[in-house]
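Text of the file protein_0.cif, holding mmCIF, C-alpha atoms:
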data_start
#
loop_
_atom_site.label_atom_id
_atom_site.label_comp_id
_atom_site.auth_asym_id
_atom_site.auth_seq_id
_atom_site.Cartn_x
_atom_site.Cartn_y
_atom_site.Cartn_z
CA MET V 1 114.78 163.57 -63.40
CA VAL V 2 114.02 160.20 -65.01
CA ALA V 3 110.26 159.82 -65.32
CA LEU V 4 109.04 156.92 -63.21
CA SER V 5 106.62 155.92 -65.94
CA ASP V 6 109.47 155.78 -68.47
CA PHE V 7 111.47 153.43 -66.30
CA VAL V 8 108.60 151.22 -65.22
CA PHE V 9 106.82 150.83 -68.51
CA GLY V 10 109.74 151.28 -70.91
CA TRP V 11 108.46 154.45 -72.57
CA GLY V 12 111.55 155.98 -74.16
CA GLU V 13 115.17 154.97 -73.76
CA VAL V 14 116.65 155.19 -70.30
CA VAL V 15 120.42 155.30 -70.35
CA SER V 16 121.89 152.67 -68.05
CA THR V 17 124.24 155.18 -66.42
CA LEU V 18 121.34 157.27 -65.11
CA LYS V 19 120.22 156.80 -61.55
CA LYS V 20 117.33 154.42 -61.14
CA PRO V 21 114.09 155.75 -59.64
CA LEU V 22 113.02 155.23 -56.05
CA LEU V 23 109.62 156.42 -54.87
CA VAL V 24 109.40 157.09 -51.14
CA ILE V 25 106.22 157.37 -49.07
CA ALA V 26 107.05 158.66 -45.60
CA GLY V 27 105.22 160.19 -42.67
CA PRO V 28 104.04 159.63 -39.11
CA THR V 29 102.44 156.53 -37.70
CA ALA V 30 98.78 155.95 -38.67
CA SER V 31 98.91 158.55 -41.48
CA GLY V 32 97.97 156.07 -44.21
CA LYS V 33 101.40 155.45 -45.75
CA THR V 34 100.85 151.74 -46.41
CA ALA V 35 97.50 152.18 -48.14
CA LEU V 36 98.92 154.92 -50.36
CA ALA V 37 102.04 152.90 -51.21
CA ILE V 38 99.91 149.90 -52.18
CA ALA V 39 97.68 152.04 -54.43
CA LEU V 40 100.74 153.54 -56.12
CA CYS V 41 102.30 150.12 -56.63
CA LYS V 42 99.14 148.91 -58.34
CA ALA V 43 99.15 151.96 -60.63
CA LEU V 44 102.89 152.00 -61.37
CA ASN V 45 103.80 148.30 -61.40
CA GLY V 46 105.67 148.55 -58.12
CA GLU V 47 106.61 146.59 -55.04
CA VAL V 48 106.76 147.88 -51.46
CA VAL V 49 110.02 147.97 -49.53
CA SER V 50 109.31 148.58 -45.85
CA ALA V 51 111.35 151.22 -43.99
CA ASP V 52 110.08 150.46 -40.49
CA SER V 53 112.63 149.55 -37.83
CA MET V 54 110.16 147.37 -35.89
CA GLN V 55 108.12 145.74 -38.67
CA VAL V 56 111.34 144.05 -39.74
CA TYR V 57 111.07 141.74 -36.69
CA GLU V 58 109.15 138.48 -36.53
CA GLY V 59 106.55 137.80 -33.86
CA ILE V 60 105.06 141.27 -33.29
CA PRO V 61 102.92 142.01 -36.38
CA VAL V 62 100.02 143.47 -34.38
CA ALA V 63 102.10 145.76 -32.16
CA THR V 64 103.99 147.09 -35.19
CA ALA V 65 100.86 147.43 -37.39
CA CYS V 66 102.42 145.18 -40.00
CA PRO V 67 100.04 144.98 -43.00
CA THR V 68 98.20 141.68 -43.26
CA MET V 69 98.15 139.67 -46.48
CA GLU V 70 94.61 140.91 -47.10
CA GLU V 71 95.64 144.53 -46.61
CA ARG V 72 98.51 144.13 -49.08
CA GLU V 73 95.97 143.52 -51.88
CA GLY V 74 98.33 141.25 -53.79
CA VAL V 75 101.19 143.77 -53.86
CA VAL V 76 104.55 142.24 -53.00
CA HIS V 77 106.08 143.57 -49.75
CA HIS V 78 109.73 143.25 -48.71
CA MET V 79 111.63 143.69 -45.43
CA LEU V 80 108.72 142.63 -43.21
CA SER V 81 108.94 140.03 -40.39
CA CYS V 82 112.34 138.85 -41.60
CA VAL V 83 114.52 139.16 -38.48
CA PRO V 84 114.14 137.03 -35.32
CA LEU V 85 113.29 138.93 -32.14
CA SER V 86 116.36 137.39 -30.52
CA ALA V 87 118.70 138.96 -33.09
CA SER V 88 120.32 142.37 -33.00
CA TYR V 89 119.78 144.36 -36.18
CA SER V 90 121.44 147.59 -37.27
CA VAL V 91 120.65 150.28 -39.80
CA ALA V 92 123.78 149.14 -41.70
CA GLN V 93 122.32 145.65 -42.05
CA TYR V 94 119.00 147.11 -43.15
CA ALA V 95 120.61 149.34 -45.78
CA ARG V 96 122.59 146.47 -47.28
CA GLN V 97 119.60 144.14 -47.47
CA ALA V 98 117.20 146.81 -48.72
CA GLN V 99 119.64 147.85 -51.46
CA ASN V 100 119.78 144.25 -52.65
CA VAL V 101 115.98 144.10 -52.69
CA ILE V 102 115.72 147.38 -54.61
CA GLU V 103 118.29 146.17 -57.14
CA ASP V 104 116.25 143.00 -57.69
CA ILE V 105 113.02 144.98 -58.14
CA HIS V 106 114.68 147.19 -60.74
CA ALA V 107 116.12 144.14 -62.52
CA ARG V 108 112.60 142.78 -62.93
CA GLY V 109 111.43 146.04 -64.51
CA LYS V 110 109.37 147.17 -61.55
CA LEU V 111 109.34 150.27 -59.38
CA PRO V 112 110.55 150.06 -55.75
CA VAL V 113 108.30 152.04 -53.41
CA LEU V 114 110.03 152.64 -50.09
CA CYS V 115 107.38 153.05 -47.40
CA GLY V 116 107.81 153.73 -43.71
CA GLY V 117 108.35 156.14 -40.87
CA THR V 118 111.88 155.32 -39.68
CA GLY V 119 113.91 158.31 -40.78
CA LEU V 120 117.31 156.67 -40.31
CA TYR V 121 116.35 153.74 -42.53
CA ILE V 122 115.06 156.04 -45.24
CA ALA V 123 118.12 158.32 -45.08
CA ALA V 124 120.46 155.33 -45.36
CA LEU V 125 118.97 154.68 -48.81
CA THR V 126 117.94 158.10 -50.14
CA ASP V 127 120.99 160.04 -48.88
CA ASN V 128 123.47 157.17 -49.20
CA VAL V 129 124.38 157.53 -45.53
CA ARG V 130 126.84 154.74 -44.80
CA TYR V 131 126.93 153.08 -41.39
CA GLU V 132 129.76 150.85 -40.32
CA GLU V 133 128.72 147.44 -39.03
CA GLN V 134 130.17 146.52 -35.64
CA ASP V 135 129.47 142.86 -35.04
CA ASP V 136 132.71 141.90 -33.32
CA GLU V 137 132.93 140.57 -29.79
CA ARG V 138 133.80 143.97 -28.32
CA ALA V 139 130.64 145.48 -29.77
CA LYS V 140 128.54 142.68 -28.32
CA GLU V 141 130.13 143.11 -24.90
CA ILE V 142 129.51 146.86 -24.91
CA ARG V 143 125.93 146.37 -26.09
CA GLU V 144 125.17 143.86 -23.36
CA ARG V 145 126.74 146.04 -20.66
CA LEU V 146 124.76 149.08 -21.78
CA ARG V 147 121.55 147.06 -21.64
CA LYS V 148 122.33 146.02 -18.06
CA GLU V 149 123.14 149.59 -17.11
CA HIS V 150 119.90 150.73 -18.67
CA ALA V 151 117.96 148.14 -16.66
CA ALA V 152 119.56 149.48 -13.49
CA GLU V 153 119.48 153.22 -14.24
CA GLY V 154 116.49 153.75 -16.55
CA ASP V 155 115.70 155.77 -19.67
CA GLU V 156 116.42 159.27 -18.37
CA ALA V 157 119.86 158.47 -16.97
CA MET V 158 121.00 156.85 -20.22
CA TRP V 159 119.60 159.73 -22.30
CA GLU V 160 121.42 162.23 -20.07
CA ARG V 161 124.63 160.26 -20.55
CA LEU V 162 124.17 160.49 -24.31
CA ARG V 163 123.45 164.21 -24.07
CA THR V 164 126.81 164.84 -22.43
CA ILE V 165 128.73 163.22 -25.29
CA ASP V 166 126.47 163.82 -28.31
CA PRO V 167 124.00 166.64 -27.61
CA ALA V 168 123.01 166.90 -31.28
CA LEU V 169 121.86 163.28 -31.40
CA ALA V 170 120.19 163.44 -27.99
CA ALA V 171 118.18 166.47 -29.12
CA LYS V 172 116.69 164.36 -31.95
CA LEU V 173 115.77 161.42 -29.70
CA HIS V 174 112.99 161.06 -27.16
CA VAL V 175 114.13 160.13 -23.68
CA HIS V 176 112.26 156.82 -24.02
CA ASP V 177 113.79 155.92 -27.41
CA ARG V 178 115.93 153.34 -25.68
CA GLY V 179 117.21 151.52 -28.76
CA ARG V 180 118.68 154.59 -30.47
CA VAL V 181 119.95 156.11 -27.22
CA LEU V 182 121.89 152.94 -26.42
CA ARG V 183 123.09 152.72 -30.02
CA GLY V 184 124.48 156.26 -29.78
CA LEU V 185 126.36 155.35 -26.60
CA GLU V 186 127.61 152.12 -28.16
CA VAL V 187 128.94 153.86 -31.30
CA PHE V 188 130.85 156.40 -29.21
CA GLU V 189 132.45 153.71 -27.04
CA LEU V 190 133.43 151.66 -30.07
CA SER V 191 134.82 154.41 -32.24
CA GLY V 192 135.54 157.36 -29.99
CA VAL V 193 133.45 159.44 -32.42
CA THR V 194 129.86 160.54 -31.87
CA MET V 195 127.04 159.25 -34.03
CA SER V 196 126.32 162.82 -35.19
CA GLU V 197 129.89 163.25 -36.43
CA LEU V 198 129.86 159.86 -38.16
CA GLN V 199 126.63 160.76 -39.93
CA ARG V 200 128.12 164.07 -41.05
CA ARG V 201 131.15 162.30 -42.51
CA GLN V 202 129.06 159.58 -44.11
CA LYS V 203 126.98 161.97 -46.24
CA SER V 204 129.88 162.65 -48.58
CA GLU V 205 128.67 160.45 -51.46
CA PRO V 206 125.63 161.31 -53.60
CA SER V 207 122.55 159.13 -53.57
CA MET V 208 122.59 156.12 -55.86
CA TYR V 209 118.89 156.67 -56.68
CA ASP V 210 116.73 159.26 -58.40
CA VAL V 211 114.46 159.86 -55.42
CA THR V 212 110.91 161.16 -55.41
CA MET V 213 109.73 161.53 -51.83
CA ILE V 214 106.16 162.17 -50.68
CA VAL V 215 105.57 162.93 -47.02
CA LEU V 216 102.10 162.62 -45.51
CA ASP V 217 101.07 165.22 -42.94
CA PHE V 218 97.91 166.72 -41.41
CA ARG V 219 96.93 170.36 -41.15
CA ASP V 220 94.69 169.44 -38.22
CA ARG V 221 96.89 167.43 -35.84
CA GLU V 222 93.84 166.17 -33.93
CA LYS V 223 92.77 164.20 -36.99
CA LEU V 224 96.05 162.31 -36.91
CA TYR V 225 95.63 161.70 -33.18
CA ASP V 226 92.14 160.31 -33.80
CA ARG V 227 93.65 157.88 -36.29
CA ILE V 228 96.22 156.81 -33.71
CA ASP V 229 93.51 156.19 -31.13
CA ARG V 230 91.49 154.13 -33.59
CA ARG V 231 94.58 152.12 -34.50
CA VAL V 232 95.08 151.15 -30.85
CA THR V 233 91.48 149.94 -30.72
CA VAL V 234 91.98 147.89 -33.88
CA MET V 235 95.18 146.41 -32.45
CA LEU V 236 93.25 145.21 -29.42
CA GLN V 237 90.65 143.62 -31.64
CA ASN V 238 93.40 141.91 -33.66
CA GLY V 239 95.03 140.25 -30.65
CA LEU V 240 97.50 142.78 -29.21
CA LEU V 241 97.08 141.49 -25.67
CA GLU V 242 97.71 137.88 -26.64
CA GLU V 243 100.72 138.82 -28.79
CA THR V 244 102.24 140.98 -26.07
CA ALA V 245 101.69 138.33 -23.39
CA ALA V 246 103.74 135.89 -25.46
CA VAL V 247 106.48 138.46 -26.05
CA VAL V 248 106.64 139.39 -22.35
CA ARG V 249 107.40 135.76 -21.55
CA LEU V 250 110.34 135.91 -23.96
CA ASN V 251 111.74 138.93 -22.10
CA SER V 252 112.99 140.35 -25.41
CA PRO V 253 114.81 143.72 -25.20
CA THR V 254 114.07 144.20 -28.90
CA ALA V 255 110.31 143.74 -28.54
CA ASP V 256 110.24 146.23 -25.70
CA GLN V 257 111.25 148.93 -28.20
CA ALA V 258 107.91 148.55 -30.00
CA ILE V 259 105.22 150.94 -28.89
CA GLY V 260 102.56 148.69 -27.43
CA CYS V 261 104.81 145.99 -26.04
CA LYS V 262 106.66 148.24 -23.62
CA GLU V 263 103.49 150.05 -22.48
CA LEU V 264 101.61 146.81 -21.83
CA ARG V 265 104.42 145.13 -19.91
CA PRO V 266 103.52 146.99 -16.66
CA TYR V 267 99.92 145.76 -17.06
CA PHE V 268 101.04 142.15 -17.33
CA ASN V 269 103.33 142.68 -14.33
CA GLY V 270 100.36 143.93 -12.28
CA GLU V 271 101.80 147.44 -12.01
CA CYS V 272 98.91 149.29 -13.69
CA THR V 273 95.44 148.77 -15.10
CA LEU V 274 94.77 147.98 -18.74
CA TYR V 275 93.13 151.39 -19.13
CA GLU V 276 96.30 153.10 -17.85
CA ALA V 277 98.54 151.01 -20.11
CA LEU V 278 96.48 151.81 -23.20
CA ALA V 279 96.38 155.50 -22.30
CA CYS V 280 100.17 155.45 -22.09
CA MET V 281 100.34 153.65 -25.44
CA ARG V 282 98.18 156.29 -27.11
CA ARG V 283 100.18 159.13 -25.54
CA ARG V 284 103.55 157.72 -26.60
CA SER V 285 102.24 157.01 -30.10
CA ARG V 286 101.31 160.67 -30.41
CA GLN V 287 104.73 161.72 -29.15
CA TYR V 288 106.36 159.40 -31.66
CA ALA V 289 104.27 160.89 -34.47
CA LYS V 290 105.47 164.38 -33.50
CA ARG V 291 109.10 163.26 -33.67
CA GLN V 292 108.53 161.66 -37.07
CA LEU V 293 106.94 164.83 -38.42
CA SER V 294 109.83 166.92 -37.12
CA TRP V 295 112.30 164.63 -38.88
CA PHE V 296 110.56 164.63 -42.27
CA ARG V 297 109.83 168.36 -42.26
CA ARG V 298 113.59 168.97 -42.44
CA ILE V 299 113.78 167.25 -45.84
CA SER V 300 113.60 170.13 -48.30
CA THR V 301 113.39 167.92 -51.40
CA ALA V 302 110.24 166.10 -50.23
CA THR V 303 106.74 167.01 -51.36
CA THR V 304 104.20 167.17 -48.54
CA LEU V 305 100.62 166.04 -49.03
CA TYR V 306 98.18 166.97 -46.28
CA VAL V 307 95.84 164.03 -45.91
CA ASP V 308 92.98 166.12 -44.54
CA ASP V 309 93.02 168.28 -47.69
CA TYR V 310 91.41 165.39 -49.59
CA GLU V 311 87.82 164.24 -49.19
CA THR V 312 88.50 160.67 -50.31
CA PRO V 313 91.49 158.29 -50.38
CA GLN V 314 91.18 158.20 -54.17
CA GLU V 315 91.81 161.96 -54.36
CA LEU V 316 94.96 161.54 -52.26
CA VAL V 317 96.17 158.73 -54.52
CA GLN V 318 95.58 160.87 -57.61
CA ALA V 319 97.58 163.75 -56.11
CA ALA V 320 100.43 161.38 -55.31
CA LEU V 321 100.36 159.94 -58.84
CA GLU V 322 100.71 163.42 -60.31
CA ILE V 323 103.91 163.85 -58.27
CA ALA V 324 105.28 160.40 -59.00
CA GLN V 325 104.76 160.30 -62.77
#
Can you give me the file's structure in the form of structure tokens?
Amino acid sequence: MVALSDFVFGWGEVVSTLKKPLLVIAGPTASGKTALAIALCKALNGEVVSADSMQVYEGIPVATACPTMEEREGVVHHMLSCVPLSASYSVAQYARQAQNVIEDIHARGKLPVLCGGTGLYIAALTDNVRYEEQDDERAKEIRERLRKEHAAEGDEAMWERLRTIDPALAAKLHVHDRGRVLRGLEVFELSGVTMSELQRRQKSEPSMYDVTMIVLDFRDREKLYDRIDRRVTVMLQNGLLEETAAVVRLNSPTADQAIGCKELRPYFNGECTLYEALACMRRRSRQYAKRQLSWFRRISTATTLYVDDYETPQELVQAALEIAQ
């Protein structure tokens, strides 16, 4: 493997035909991925490339825990708040744009550090999984019809529909993961082939990068859950209610995919108390973290660091540096 330090700092000759390095920091929500990625960027002359399917959207920085300028500590971040809430956005679009960003970072002699918890986005780059873009009128018609059917039938009915045609994909998705459930149905209607089969076919080409992946985990799951609970409290302090109220008025299907926005909508509609909405938000955040951990644990080439093994953040950073260098 090409040493990251060799590429970043120019120590030794790196043949141009060799794959260029990509450092990946993955893991569940609230595990500390962003802070670790920033520390590694400062040590290795890197820039962060976000791999979060919701942080890519404008207008919901609090609900998506998008790092503030202060939290970024001067480290350049890419693929954040760059897509309007009114726009549809696919993993194929993300992969194309992120690849361009990574190429530019390499061209400037820096290290791209891919950071996020969206497994599909990460796989599109690290495994070279290719997704076909479907932006024609037929795709838009199908997408709009599925959204209307979802509004009429609900999460469980649409998930059950997916399970009948693509059980492998449905097994990976939570019943309330509306965006990916509808995407799976859309792909099948468009192509006549399930998303699972397309993904199997699309993994035929090797990765274009020399990937080093670090996954954050916790030996004591309750410690992760405590972090999630504290994050919800911080979100409230940072204006989650005000942000969500504005988004609810937009009636954006995209925003409703973000944990926080969809749980608070019933509160703004007078259907539940704030306490009940926040309890639902915490519960679904924990469920989402479980799904993320299940996804990343299947990646045999990743190195897992258990956050609660380290007494200080500095010790965690040092352990990550020993893997990355």
Discussion item. What does the structure give for the distance between atom CA of V:Ala320 and atom CA of V:Lys42, in Å to one decimal?
Written reply: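 Computing the Euclidean distance for atom CA of V:Ala320 and atom CA of V:Lys42 yields 12.9 Å.
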Discussion item. When you look at stretch 245-249 of chain V with a cut-off of 9 Å (counting all atoms listed in the file), what residues show up, excluding the ones that are within fewer than 2 positions of it in the same chain? I need them as a ChimeraX atom specification.
Written reply: /V:59-60,240-243,251-252,255-256,261-262,264-265,268
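For the pair atom CA of V:Asn128 and atom CA of V:Ser294, the interatomic distance is 20.7 Å.
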Worksheet item: Given the choices V:Leu250, V:Val113, V:Val101, V:Ile259, which gets closest to V:Leu278 if the distance is worked out from all atoms listed in the file?
Response: V:Ile259
Discussion item. For a test of reading the model, state the distance in Å between atom CA of V:Thr212 and atom CA of V:Ala324, rounded to one decimal.
Written reply: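 Computed distance, atom CA of V:Thr212 to atom CA of V:Ala324, equals 6.7 Å.
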Worksheet item: Can you find the residues with an atom no farther than 12 Å from (121.6, 145.5, -18.7), counting only C-alpha atoms, and report them as a VMD selection string?
Response: chain V and resid 141 to 155 158 178 182 253
Worksheet entry | the PyMOL selection byres ((chain V and resi 35) around 10) resolved against shown file, as a ChimeraX atom specification | /V:31-34,36-41,67,71-73,115,313,317
Worksheet item: Which is closer to V:Ile323 than all the others in V:Leu190, V:Leu224, V:Cys280, V:Met213, using all atoms listed in the file?
Response: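 Among V:Leu190, V:Leu224, V:Cys280, V:Met213, it is V:Met213 that comes nearest to V:Ile323.
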Worksheet item: Can you tell me, as number ranges by chain, which residues sit within 9 Å of (114.5, 142.7, -40.5) in the file's frame, using all atoms listed in the file?
Response: V: 52-58, 79-84, 89, 93-94, 97
Could you save the residues just selected, with C-alpha atoms, as a PDB file, keeping the file's coordinate frame?
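Full text of selection_14.pdb as output:
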ATOM      1  CA  ASP V  52     110.080 150.460 -40.490  1.00  0.00           C
ATOM      2  CA  SER V  53     112.630 149.550 -37.830  1.00  0.00           C
ATOM      3  CA  MET V  54     110.160 147.370 -35.890  1.00  0.00           C
ATOM      4  CA  GLN V  55     108.120 145.740 -38.670  1.00  0.00           C
ATOM      5  CA  VAL V  56     111.340 144.050 -39.740  1.00  0.00           C
ATOM      6  CA  TYR V  57     111.070 141.740 -36.690  1.00  0.00           C
ATOM      7  CA  GLU V  58     109.150 138.480 -36.530  1.00  0.00           C
ATOM      8  CA  MET V  79     111.630 143.690 -45.430  1.00  0.00           C
ATOM      9  CA  LEU V  80     108.720 142.630 -43.210  1.00  0.00           C
ATOM     10  CA  SER V  81     108.940 140.030 -40.390  1.00  0.00           C
ATOM     11  CA  CYS V  82     112.340 138.850 -41.600  1.00  0.00           C
ATOM     12  CA  VAL V  83     114.520 139.160 -38.480  1.00  0.00           C
ATOM     13  CA  PRO V  84     114.140 137.030 -35.320  1.00  0.00           C
ATOM     14  CA  TYR V  89     119.780 144.360 -36.180  1.00  0.00           C
ATOM     15  CA  GLN V  93     122.320 145.650 -42.050  1.00  0.00           C
ATOM     16  CA  TYR V  94     119.000 147.110 -43.150  1.00  0.00           C
ATOM     17  CA  GLN V  97     119.600 144.140 -47.470  1.00  0.00           C
TER      18      GLN V  97
END
Practice prompt. Tell me, as a PyMOL selection string, which residues lie within 8 Å of V:Val76, counting only C-alpha atoms; anything in the same chain fewer than 2 positions away does not count.
Written response: chain V and resi 47-48+72+74+78
Could you save those same residues with C-alpha atoms as a PDB file, in the frame of the given file?
ATOM      1  CA  GLU V  47     106.610 146.590 -55.040  1.00  0.00           C
ATOM      2  CA  VAL V  48     106.760 147.880 -51.460  1.00  0.00           C
ATOM      3  CA  ARG V  72      98.510 144.130 -49.080  1.00  0.00           C
ATOM      4  CA  GLY V  74      98.330 141.250 -53.790  1.00  0.00           C
ATOM      5  CA  HIS V  78     109.730 143.250 -48.710  1.00  0.00           C
TER       6      HIS V  78
END
Fill in: Proximity to V:Met281 - best of V:Ala63, V:Ala170, V:Leu111, V:Met208, only C-alpha atoms
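Ranking V:Ala63, V:Ala170, V:Leu111, V:Met208 by distance to V:Met281, first place goes to V:Ala63.
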Worksheet entry | Given only C-alpha atoms as the counted atoms, nearest of V:Arg161, V:Thr118, V:Ala139, V:Ala92 to V:Ser191 | V:Ala139
Discussion item. Please list as a list in words every residue within 12 Å of V:Trp295, counting all atoms listed in the file and excluding residues in the same chain fewer than 3 positions away.
Written reply: Ala26, Gly27, Pro28, Gly117, Thr118, Gly119, Leu120, Ile122, Ala123, Ala171, Lys172, Leu173, Val215, Asp217, Tyr288, Ala289, Lys290, Arg291, Gln292, Arg298, Ile299, Ser300 and Ala302 of chain V
